[in-house]
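Enquirer: Questions regarding the structure given below will be posed in turn.
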Amino acid sequence: MALTPAEKQKRYRERLKAADQTNLDAIERELLQEVARCDRDEMSDQERIALADKLADLAMDFQRRAIRLSRMATKLRTGEDHPLQR
């Protein structure tokens, strides 16, 4: 049985969502390993600053994801958009 366009779109979005989560999780693991290495080894100030910037960027990505999920939860609960989106 062929999929409807809506079903195809839903599957596509689910794959994108899974890939995004996997990528963020993999990036987080890699950065945490670098932080652990930083604790053991001497790093230059520039390397430390670059690593701190990467961690800050990752934190911002997680914050954006949390906001997006919060808005979806609000819409599911109330059937309306998030109060800050009005």
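Following the order of the structure tokens, chains are lettered A, B, ..., residues in each are numbered from 1, and ligands are numbered from 1.
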What's the 12 Å shell around Asp81 (chain A), counting only C-alpha atoms, without same-chain residues fewer than 5 positions away, as a ChimeraX atom specification?
Expert: /A:68,70-76,86
Enquirer: Residues as selected, N, CA and C atoms, written as a PDB file, in the first residue's frame, can you do that?
Expert:
ATOM      1  N   ARG A  68      11.564  24.964  21.606  1.00  0.00           N
ATOM      2  CA  ARG A  68      10.705  24.377  20.580  1.00  0.00           C
ATOM      3  C   ARG A  68       9.808  23.293  21.199  1.00  0.00           C
ATOM      4  N   SER A  70       8.935  23.019  24.366  1.00  0.00           N
ATOM      5  CA  SER A  70       8.006  23.659  25.287  1.00  0.00           C
ATOM      6  C   SER A  70       6.803  24.226  24.538  1.00  0.00           C
ATOM      7  N   ARG A  71       7.071  24.832  23.397  1.00  0.00           N
ATOM      8  CA  ARG A  71       5.967  25.377  22.597  1.00  0.00           C
ATOM      9  C   ARG A  71       5.051  24.275  22.090  1.00  0.00           C
ATOM     10  N   MET A  72       5.655  23.164  21.675  1.00  0.00           N
ATOM     11  CA  MET A  72       4.839  22.040  21.202  1.00  0.00           C
ATOM     12  C   MET A  72       3.993  21.478  22.341  1.00  0.00           C
ATOM     13  N   ALA A  73       4.572  21.366  23.536  1.00  0.00           N
ATOM     14  CA  ALA A  73       3.832  20.843  24.693  1.00  0.00           C
ATOM     15  C   ALA A  73       2.679  21.765  25.057  1.00  0.00           C
ATOM     16  N   THR A  74       2.915  23.064  25.030  1.00  0.00           N
ATOM     17  CA  THR A  74       1.853  24.021  25.336  1.00  0.00           C
ATOM     18  C   THR A  74       0.717  23.902  24.341  1.00  0.00           C
ATOM     19  N   LYS A  75       1.087  23.770  23.069  1.00  0.00           N
ATOM     20  CA  LYS A  75       0.052  23.654  22.039  1.00  0.00           C
ATOM     21  C   LYS A  75      -0.743  22.355  22.205  1.00  0.00           C
ATOM     22  N   LEU A  76      -0.070  21.271  22.587  1.00  0.00           N
ATOM     23  CA  LEU A  76      -0.773  20.008  22.813  1.00  0.00           C
ATOM     24  C   LEU A  76      -1.719  20.104  24.004  1.00  0.00           C
ATOM     25  N   ARG A  86       2.346  34.948  20.803  1.00  0.00           N
ATOM     26  CA  ARG A  86       1.178  35.737  20.380  1.00  0.00           C
ATOM     27  C   ARG A  86       1.569  37.152  20.088  1.00  0.00           C
TER      28      ARG A  86
END
Enquirer: What's the separation between CA of Ala6 (chain A) and CA of Glu80 (chain A), in Å to one decimal place?
Expert: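 Those two atoms sit 22.2 Å apart.
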Enquirer: Would you list the contacts of Val35 (chain A) as a list in words, taking every protein, DNA or RNA residue within 12 Å and counting only C-alpha atoms, but skipping same-chain residues closer than 3 positions in sequence?
Expert: Glu28, Arg29, Glu30, Leu31, Leu32, Cys38, Asp39, Arg40, Asp41, Glu42, Met43, Glu47, Arg48, Ile49, Ala50, Leu51, Ala52, Lys54 and Leu55 of chain A
Enquirer: Using DSSP on the backbone coordinates, identify all residues within chain A classified as alpha helix (DSSP H); present the result as an MDAnalysis selection string.
Expert: chainID A and resid 5:40 45:78
Enquirer: Just how far from CA of Ala56 (chain A) is CA of Asn23 (chain A), in Å to one decimal?
Expert: 16.1 Å
Enquirer: What is the CA of Arg64 (chain A)-CA of Asp25 (chain A) distance in Å, reported with one decimal?
Expert: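 A separation of 14.5 Å between them.
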